[in-house]
Amino acid sequence: MMSWSVNEYLVKLLRIRQLIAREQIDYVLVTCQTNFLWLTGGRPYVNQASEKACADLLIGQDKVYLVSNNIESNRLLTEELAGLGIEVACYDWWEEQGFDAIITGIVGGKKLLTDIQLGNRFSRLRWDLLEEEKFRYGQVGEAVANILEVIAFTIEPDMSELAIAEMIKHQAIVAGVNPWITLVAVDERAYQYRHPVPTGNKLKRYAMLCLTGQKYGLFVSTTRLVHFGQLPADLAKRHQAVMAVDAGFIGSTVPGVSVSSIFTSAVQSYQKWGYPEEWKSHHQGGMIGYMSREFRALETTKVEVRAGQAYAWNPTIAGVKSEDTILVCGNQATIVSKCRRFPTTLVEYPGGVVVRPSILVL
């Protein structure tokens, strides 16, 4: 295991068993990589591109079984699940019915649902982070922010978007971060596309760098902007507006406030700053955690912010974006991907001020 404790595992296992009781079933089969990792801290993958874990966890009220073929069972039990008291139910990889036979042998005629079948009812178990997870989130946030900061101070005109993206990914791997989403836009492409997958276009004066990185299963999203030479007035105006929208998002993300009201206020902020239609061109972010977004916020989102949850808002106006990952601690939101050397601006919102990254001018 990474830095998970047995106590953390037991708390999460209790959440699952309480769900089993609420659903009036007998077993849950954890089959997704995301949920396997959240529960145990183990690396339930060989192919990270697969949603399905390389083995399954069958959970009842009394026992937990690792249901695995003989290829994966030894590694998972000794390197990932040691000390958790999980029993192994192993089958040979070449036995086409091996998995089904094991499940039937344990469950019999009792009722079983998978984490996929339970959908959001299972996903919600991940939303309220434990103290250990909050501590790890701080580490991941610092690492991801530092990756983009290092690259922002390193890039030079005439570098291609692909070359810059390669630099970001290399820096991420060195830091032990999986660079799940790496977007780079230079000059006019920053104005054209909200999801700028890197191309061979070469940097002249302006670059947008976006990274969603994962470590310990936790995702952190952040964006940084770099300009060479004097900042154009229109770009500065757009950035001031998007920072103000983001400050409102962050400042409003406190316990007891509905996500729908946060979203509605942000739409109004776009209008106040003279960009009333820009919110329609890109989603505004939402809850983050063991998924890059647990959900995307909308006016209809029926979720209330709670302490211990994480959010990543990402308002955009053509050419600019403001994005960081925050953790709701006590009665306020704390930015986990905060800047260290990168220039910042204190931005007001109704009720206070929030630190936002400025455009780095080189």
# chains A, B, ... in the order shown; residues from 1 in each chain; ligands from 1
$ residues_around --residues "Glu87 (chain A)" --least-positions-apart "4" --cutoff "9 Å" --atoms "only C-alpha atoms" --output "ChimeraX atom specification"
/A:63-67,77
$ residues_around --residues "Glu72 (chain A)" --least-positions-apart "2" --cutoff "10 Å" --atoms "only C-alpha atoms" --output "PyMOL selection string"
chain A and resi 44-46+54-55+67-70+74-77+90+93
$ write_last_selection --atoms "all heavy atoms" --output "CSV table (one decimal), in the first residue's frame"
chain,number,residue,atom,x,y,z
A,44,PRO,N,-4.8,-1.1,-8.5
A,44,PRO,CA,-5.6,-2.2,-9.1
A,44,PRO,C,-5.5,-2.2,-10.6
A,44,PRO,O,-6.6,-2.3,-11.2
A,44,PRO,CB,-7.0,-1.9,-8.5
A,44,PRO,CG,-7.0,-0.4,-8.5
A,44,PRO,CD,-5.6,0.0,-8.2
A,45,TYR,N,-4.4,-2.1,-11.1
A,45,TYR,CA,-4.3,-1.9,-12.6
A,45,TYR,C,-3.0,-2.5,-13.1
A,45,TYR,O,-2.0,-2.6,-12.4
A,45,TYR,CB,-4.4,-0.5,-13.0
A,45,TYR,CG,-3.5,0.5,-12.3
A,45,TYR,CD1,-2.1,0.5,-12.6
A,45,TYR,CD2,-3.9,1.3,-11.3
A,45,TYR,CE1,-1.2,1.4,-11.9
A,45,TYR,CE2,-3.0,2.1,-10.6
A,45,TYR,CZ,-1.7,2.1,-10.9
A,45,TYR,OH,-0.8,3.0,-10.2
A,46,VAL,N,-3.1,-2.9,-14.3
A,46,VAL,CA,-1.9,-3.1,-15.2
A,46,VAL,C,-2.1,-2.1,-16.4
A,46,VAL,O,-1.1,-1.4,-16.7
A,46,VAL,CB,-1.9,-4.6,-15.7
A,46,VAL,CG1,-0.7,-4.8,-16.7
A,46,VAL,CG2,-1.8,-5.6,-14.6
A,54,CYS,N,-8.0,-4.8,-12.3
A,54,CYS,CA,-7.4,-6.1,-12.7
A,54,CYS,C,-7.9,-7.2,-11.8
A,54,CYS,O,-7.6,-8.4,-12.1
A,54,CYS,CB,-5.9,-6.0,-12.8
A,54,CYS,SG,-5.1,-5.7,-11.2
A,55,ALA,N,-8.6,-6.9,-10.8
A,55,ALA,CA,-9.2,-7.9,-9.9
A,55,ALA,C,-10.4,-7.2,-9.2
A,55,ALA,O,-10.6,-6.0,-9.4
A,55,ALA,CB,-8.2,-8.4,-8.9
A,67,VAL,N,-11.2,-11.3,-5.4
A,67,VAL,CA,-11.5,-12.3,-6.5
A,67,VAL,C,-10.6,-12.0,-7.6
A,67,VAL,O,-10.7,-10.9,-8.3
A,67,VAL,CB,-13.0,-12.2,-6.9
A,67,VAL,CG1,-13.3,-13.2,-7.9
A,67,VAL,CG2,-13.9,-12.3,-5.7
A,68,SER,N,-9.6,-12.8,-7.9
A,68,SER,CA,-8.5,-12.5,-8.8
A,68,SER,C,-8.1,-13.8,-9.6
A,68,SER,O,-8.1,-14.9,-9.0
A,68,SER,CB,-7.4,-11.9,-8.1
A,68,SER,OG,-6.2,-11.8,-8.9
A,69,ASN,N,-7.6,-13.5,-10.8
A,69,ASN,CA,-6.9,-14.7,-11.5
A,69,ASN,C,-5.5,-14.8,-10.9
A,69,ASN,O,-5.0,-14.0,-10.1
A,69,ASN,CB,-6.9,-14.5,-13.0
A,69,ASN,CG,-6.1,-13.3,-13.4
A,69,ASN,OD1,-5.0,-13.0,-12.9
A,69,ASN,ND2,-6.6,-12.5,-14.4
A,70,ASN,N,-4.9,-15.9,-11.3
A,70,ASN,CA,-3.6,-16.3,-10.7
A,70,ASN,C,-2.5,-15.3,-11.1
A,70,ASN,O,-1.4,-15.3,-10.5
A,70,ASN,CB,-3.2,-17.7,-11.0
A,70,ASN,CG,-3.1,-17.9,-12.5
A,70,ASN,OD1,-3.9,-17.6,-13.3
A,70,ASN,ND2,-1.9,-18.5,-12.9
A,74,ASN,N,-1.1,-12.7,-6.4
A,74,ASN,CA,0.1,-12.6,-5.5
A,74,ASN,C,0.6,-11.1,-5.3
A,74,ASN,O,0.8,-10.7,-4.2
A,74,ASN,CB,1.2,-13.4,-6.0
A,74,ASN,CG,2.4,-13.5,-5.1
A,74,ASN,OD1,2.2,-13.8,-3.9
A,74,ASN,ND2,3.6,-13.2,-5.5
A,75,ARG,N,0.7,-10.4,-6.4
A,75,ARG,CA,1.1,-9.0,-6.3
A,75,ARG,C,0.1,-8.2,-5.5
A,75,ARG,O,0.5,-7.4,-4.6
A,75,ARG,CB,1.2,-8.4,-7.7
A,75,ARG,CG,1.6,-6.9,-7.6
A,75,ARG,CD,1.6,-6.2,-9.0
A,75,ARG,NE,0.3,-6.1,-9.6
A,75,ARG,CZ,-0.5,-5.1,-9.4
A,75,ARG,NH1,-0.2,-4.1,-8.5
A,75,ARG,NH2,-1.7,-5.0,-10.0
A,76,LEU,N,-1.2,-8.3,-5.8
A,76,LEU,CA,-2.1,-7.5,-5.1
A,76,LEU,C,-2.2,-7.8,-3.6
A,76,LEU,O,-2.2,-6.9,-2.7
A,76,LEU,CB,-3.5,-7.8,-5.7
A,76,LEU,CG,-3.8,-7.2,-7.1
A,76,LEU,CD1,-5.1,-7.7,-7.6
A,76,LEU,CD2,-3.8,-5.6,-7.0
A,77,LEU,N,-2.1,-9.1,-3.2
A,77,LEU,CA,-2.2,-9.5,-1.8
A,77,LEU,C,-0.9,-9.1,-1.1
A,77,LEU,O,-1.0,-8.6,0.1
A,77,LEU,CB,-2.4,-11.0,-1.7
A,77,LEU,CG,-2.6,-11.5,-0.3
A,77,LEU,CD1,-3.9,-10.9,0.3
A,77,LEU,CD2,-2.6,-13.0,-0.2
A,90,CYS,N,-9.0,-17.2,-5.7
A,90,CYS,CA,-8.2,-17.2,-6.9
A,90,CYS,C,-8.7,-18.2,-7.9
A,90,CYS,O,-9.1,-19.3,-7.6
A,90,CYS,CB,-6.8,-17.4,-6.6
A,90,CYS,SG,-5.6,-17.2,-8.0
A,93,TRP,N,-6.2,-18.1,-14.9
A,93,TRP,CA,-6.6,-17.1,-15.9
A,93,TRP,C,-7.2,-17.7,-17.2
A,93,TRP,O,-8.0,-17.1,-17.9
A,93,TRP,CB,-5.3,-16.3,-16.3
A,93,TRP,CG,-4.3,-17.0,-17.1
A,93,TRP,CD1,-3.2,-17.6,-16.6
A,93,TRP,CD2,-4.2,-17.3,-18.5
A,93,TRP,NE1,-2.4,-18.2,-17.6
A,93,TRP,CE2,-3.1,-18.0,-18.8
A,93,TRP,CE3,-5.1,-17.0,-19.6
A,93,TRP,CZ2,-2.7,-18.4,-20.0
A,93,TRP,CZ3,-4.7,-17.4,-20.8
A,93,TRP,CH2,-3.5,-18.1,-21.1
$ select_by_dssp --residues "region 80-184 of chain A" --states "strand (DSSP E)" --output "list in words"
Glu87, Val88, Ala89, Cys90, Tyr91, Leu112, Leu113, Thr114, Asn178, Pro179, Trp180, Ile181, Thr182, Leu183 and Val184 of chain A
$ closest_atom_pairs --of "region 101-148 of chain A" --to "region 158-181 of chain A" --cutoff "12 Å" --atoms "only C-alpha atoms" --output "JSON lines"
{"residue": "A:Gln139", "atom": "CA", "partner": "A:Val177", "partner_atom": "CA", "distance": 10.7}
{"residue": "A:Val140", "atom": "CA", "partner": "A:Val177", "partner_atom": "CA", "distance": 7.9}
{"residue": "A:Gly141", "atom": "CA", "partner": "A:Val177", "partner_atom": "CA", "distance": 10.3}
{"residue": "A:Glu142", "atom": "CA", "partner": "A:Ala175", "partner_atom": "CA", "distance": 10.4}
{"residue": "A:Ala143", "atom": "CA", "partner": "A:Ala175", "partner_atom": "CA", "distance": 6.7}
{"residue": "A:Val144", "atom": "CA", "partner": "A:Ala172", "partner_atom": "CA", "distance": 7.4}
{"residue": "A:Ala145", "atom": "CA", "partner": "A:Ala172", "partner_atom": "CA", "distance": 10.2}
{"residue": "A:Asn146", "atom": "CA", "partner": "A:Gln171", "partner_atom": "CA", "distance": 9.2}
{"residue": "A:Ile147", "atom": "CA", "partner": "A:Gln171", "partner_atom": "CA", "distance": 6.0}
{"residue": "A:Leu148", "atom": "CA", "partner": "A:Ile168", "partner_atom": "CA", "distance": 6.8}
$ closest_residue --among "A:Ser50, A:Ser252, A:Thr222, A:Gln284" --to "Lys338 (chain A)" --atoms "only C-alpha atoms"
A:Thr222
$ select_by_dssp --residues "region 71-267 of chain A" --states "alpha helix (DSSP H)" --output "ChimeraX atom specification"
/A:73-75,98-107,115-118,120-123,131-152,161-174,189-192,233-252,259-267
$ residues_around --residues "region 206-208 of chain A" --least-positions-apart "5" --cutoff "8 Å" --atoms "only C-alpha atoms" --output "list in words"
Leu183, Val184, Ala185, Val186, Asp187, Ala190, Thr223, Arg224, Leu225, Val226, His227, Phe228 and Val320 of chain A
$ closest_residue --among "A:Asp128, A:Glu277, A:Glu323, A:Asp246" --to "Tyr290 (chain A)" --atoms "only C-alpha atoms"
A:Asp128
$ closest_residue --among "A:Ala101, A:Ile59, A:Leu84, A:Ile262" --to "Tyr9 (chain A)" --atoms "only C-alpha atoms"
A:Leu84
$ residues_around --residues "region 107-115 of chain A" --least-positions-apart "3" --cutoff "9 Å" --atoms "only C-alpha atoms" --output "PyMOL selection string"
chain A and resi 24-32+35+58+102-104+118-123
$ write_last_selection --atoms "all heavy atoms" --output "short mmCIF file (atom, residue, chain, number, x, y, z; two decimals), in the first residue's frame"
data_model
loop_
_atom_site.label_atom_id
_atom_site.label_comp_id
_atom_site.auth_asym_id
_atom_site.auth_seq_id
_atom_site.Cartn_x
_atom_site.Cartn_y
_atom_site.Cartn_z
N GLN A 24 -30.43 -3.03 1.17
CA GLN A 24 -31.04 -4.33 1.48
C GLN A 24 -30.52 -5.42 0.54
O GLN A 24 -31.30 -6.19 -0.05
CB GLN A 24 -32.57 -4.24 1.44
CG GLN A 24 -33.13 -3.28 2.47
CD GLN A 24 -34.65 -3.23 2.47
OE1 GLN A 24 -35.29 -3.39 1.45
NE2 GLN A 24 -35.23 -3.02 3.65
N ILE A 25 -29.20 -5.46 0.41
CA ILE A 25 -28.55 -6.50 -0.38
C ILE A 25 -27.57 -7.23 0.53
O ILE A 25 -27.45 -6.90 1.72
CB ILE A 25 -27.83 -5.91 -1.61
CG1 ILE A 25 -26.80 -4.84 -1.19
CG2 ILE A 25 -28.85 -5.31 -2.58
CD1 ILE A 25 -26.01 -4.23 -2.34
N ASP A 26 -26.86 -8.20 -0.02
CA ASP A 26 -25.94 -9.00 0.79
C ASP A 26 -24.47 -8.74 0.47
O ASP A 26 -23.61 -8.87 1.35
CB ASP A 26 -26.25 -10.50 0.59
CG ASP A 26 -27.67 -10.84 1.00
OD1 ASP A 26 -27.96 -10.81 2.20
OD2 ASP A 26 -28.49 -11.12 0.10
N TYR A 27 -24.19 -8.40 -0.79
CA TYR A 27 -22.82 -8.19 -1.21
C TYR A 27 -22.72 -7.03 -2.19
O TYR A 27 -23.65 -6.77 -2.95
CB TYR A 27 -22.25 -9.44 -1.92
CG TYR A 27 -22.06 -10.64 -1.04
CD1 TYR A 27 -23.08 -11.61 -0.92
CD2 TYR A 27 -20.88 -10.84 -0.33
CE1 TYR A 27 -22.90 -12.73 -0.12
CE2 TYR A 27 -20.70 -11.96 0.47
CZ TYR A 27 -21.71 -12.90 0.57
OH TYR A 27 -21.53 -14.00 1.36
N VAL A 28 -21.56 -6.36 -2.15
CA VAL A 28 -21.17 -5.40 -3.19
C VAL A 28 -19.89 -5.91 -3.83
O VAL A 28 -18.96 -6.33 -3.12
CB VAL A 28 -20.95 -3.99 -2.61
CG1 VAL A 28 -20.17 -3.12 -3.60
CG2 VAL A 28 -22.27 -3.33 -2.29
N LEU A 29 -19.84 -5.88 -5.14
CA LEU A 29 -18.64 -6.24 -5.87
C LEU A 29 -17.98 -4.96 -6.38
O LEU A 29 -18.55 -4.26 -7.22
CB LEU A 29 -18.97 -7.17 -7.04
CG LEU A 29 -17.75 -7.73 -7.80
CD1 LEU A 29 -16.97 -8.72 -6.91
CD2 LEU A 29 -18.18 -8.40 -9.09
N VAL A 30 -16.82 -4.64 -5.83
CA VAL A 30 -16.07 -3.46 -6.27
C VAL A 30 -15.22 -3.87 -7.47
O VAL A 30 -14.29 -4.68 -7.34
CB VAL A 30 -15.18 -2.91 -5.15
CG1 VAL A 30 -14.28 -1.78 -5.67
CG2 VAL A 30 -16.04 -2.41 -4.00
N THR A 31 -15.54 -3.32 -8.62
CA THR A 31 -14.91 -3.75 -9.86
C THR A 31 -14.18 -2.63 -10.60
O THR A 31 -13.39 -2.90 -11.49
CB THR A 31 -15.98 -4.38 -10.79
OG1 THR A 31 -15.35 -4.97 -11.92
CG2 THR A 31 -16.99 -3.36 -11.24
N CYS A 32 -14.42 -1.36 -10.22
CA CYS A 32 -13.77 -0.23 -10.89
C CYS A 32 -12.42 0.09 -10.24
O CYS A 32 -12.29 0.03 -9.01
CB CYS A 32 -14.65 1.02 -10.80
SG CYS A 32 -16.17 0.92 -11.75
N ASN A 35 -12.72 2.88 -7.44
CA ASN A 35 -13.26 2.49 -6.14
C ASN A 35 -12.33 1.53 -5.40
O ASN A 35 -12.22 1.59 -4.17
CB ASN A 35 -14.64 1.88 -6.31
CG ASN A 35 -15.65 2.90 -6.79
OD1 ASN A 35 -15.59 4.07 -6.43
ND2 ASN A 35 -16.58 2.47 -7.64
N LEU A 58 -14.97 -8.48 -3.35
CA LEU A 58 -16.33 -8.89 -3.01
C LEU A 58 -16.53 -8.65 -1.52
O LEU A 58 -15.83 -9.24 -0.68
CB LEU A 58 -16.53 -10.37 -3.35
CG LEU A 58 -17.91 -10.96 -3.04
CD1 LEU A 58 -19.00 -10.25 -3.82
CD2 LEU A 58 -17.92 -12.47 -3.31
N ILE A 102 -16.44 -18.71 -8.86
CA ILE A 102 -16.07 -18.24 -7.52
C ILE A 102 -17.18 -17.37 -6.93
O ILE A 102 -17.56 -17.53 -5.76
CB ILE A 102 -14.74 -17.47 -7.57
CG1 ILE A 102 -13.58 -18.45 -7.69
CG2 ILE A 102 -14.57 -16.59 -6.34
CD1 ILE A 102 -12.23 -17.82 -7.75
N ILE A 103 -17.70 -16.43 -7.72
CA ILE A 103 -18.76 -15.55 -7.22
C ILE A 103 -19.98 -16.38 -6.80
O ILE A 103 -20.54 -16.17 -5.72
CB ILE A 103 -19.15 -14.51 -8.29
CG1 ILE A 103 -17.98 -13.57 -8.59
CG2 ILE A 103 -20.38 -13.72 -7.84
CD1 ILE A 103 -17.55 -12.72 -7.43
N THR A 104 -20.37 -17.33 -7.63
CA THR A 104 -21.53 -18.17 -7.32
C THR A 104 -21.27 -18.99 -6.06
O THR A 104 -22.16 -19.16 -5.21
CB THR A 104 -21.85 -19.09 -8.49
OG1 THR A 104 -22.14 -18.31 -9.65
CG2 THR A 104 -23.05 -19.99 -8.18
N LEU A 118 -24.65 0.30 -8.67
CA LEU A 118 -25.07 1.24 -7.63
C LEU A 118 -24.86 2.69 -8.04
O LEU A 118 -25.49 3.60 -7.50
CB LEU A 118 -24.31 0.95 -6.33
CG LEU A 118 -24.75 -0.32 -5.59
CD1 LEU A 118 -23.70 -0.73 -4.59
CD2 LEU A 118 -26.10 -0.10 -4.92
N GLY A 119 -23.98 2.90 -9.01
CA GLY A 119 -23.80 4.23 -9.58
C GLY A 119 -23.45 5.29 -8.56
O GLY A 119 -22.55 5.13 -7.73
N ASN A 120 -24.20 6.40 -8.58
CA ASN A 120 -23.91 7.54 -7.73
C ASN A 120 -24.06 7.22 -6.25
O ASN A 120 -23.44 7.86 -5.39
CB ASN A 120 -24.82 8.70 -8.11
CG ASN A 120 -24.29 10.02 -7.63
OD1 ASN A 120 -23.09 10.28 -7.70
ND2 ASN A 120 -25.15 10.89 -7.14
N ARG A 121 -24.86 6.21 -5.93
CA ARG A 121 -25.03 5.84 -4.53
C ARG A 121 -23.72 5.30 -3.96
O ARG A 121 -23.43 5.50 -2.77
CB ARG A 121 -26.15 4.80 -4.39
CG ARG A 121 -27.49 5.30 -4.92
CD ARG A 121 -28.65 4.44 -4.48
NE ARG A 121 -28.60 3.06 -4.95
CZ ARG A 121 -28.94 2.65 -6.18
NH1 ARG A 121 -29.32 3.53 -7.09
NH2 ARG A 121 -28.90 1.38 -6.51
N PHE A 122 -22.92 4.64 -4.79
CA PHE A 122 -21.60 4.22 -4.34
C PHE A 122 -20.60 5.36 -4.43
O PHE A 122 -19.80 5.58 -3.52
CB PHE A 122 -21.11 3.02 -5.16
CG PHE A 122 -19.90 2.35 -4.57
CD1 PHE A 122 -20.03 1.19 -3.83
CD2 PHE A 122 -18.63 2.90 -4.70
CE1 PHE A 122 -18.92 0.58 -3.25
CE2 PHE A 122 -17.51 2.31 -4.13
CZ PHE A 122 -17.66 1.14 -3.40
N SER A 123 -20.63 6.10 -5.53
CA SER A 123 -19.66 7.18 -5.74
C SER A 123 -19.67 8.17 -4.57
O SER A 123 -18.62 8.71 -4.19
CB SER A 123 -19.96 7.92 -7.04
OG SER A 123 -19.87 7.05 -8.15
#
$ closest_residue --among "A:Val6, A:Ala152, A:Leu129, A:Val305" --to "Glu80 (chain A)" --atoms "only C-alpha atoms"
A:Val6
$ closest_residue --among "A:Cys339, A:Ala307, A:Ala21, A:Ile71" --to "Gly256 (chain A)" --atoms "only C-alpha atoms"
A:Ala307
$ closest_residue --among "A:Trp273, A:Trp127, A:Trp38, A:Trp279" --to "Glu304 (chain A)" --atoms "only C-alpha atoms"
A:Trp127
$ residues_around --residues "Met291 (chain A)" --least-positions-apart "6" --cutoff "9 Å" --atoms "only C-alpha atoms" --output "number ranges by chain"
A: 34, 217-219
$ residues_around --residues "Gly229 (chain A)" --least-positions-apart "3" --cutoff "8 Å" --atoms "only C-alpha atoms" --output "ChimeraX atom specification"
/A:205,361-362
$ residues_around --residues "Ala333 (chain A)" --least-positions-apart "4" --cutoff "7 Å" --atoms "only C-alpha atoms" --output "NGL selection string"
:A and (250-251 or 253-254 or 326-329)
$ atom_distance --atom1 "CA of Ser269 (chain A)" --atom2 "CA of Val245 (chain A)"
5.7 Å
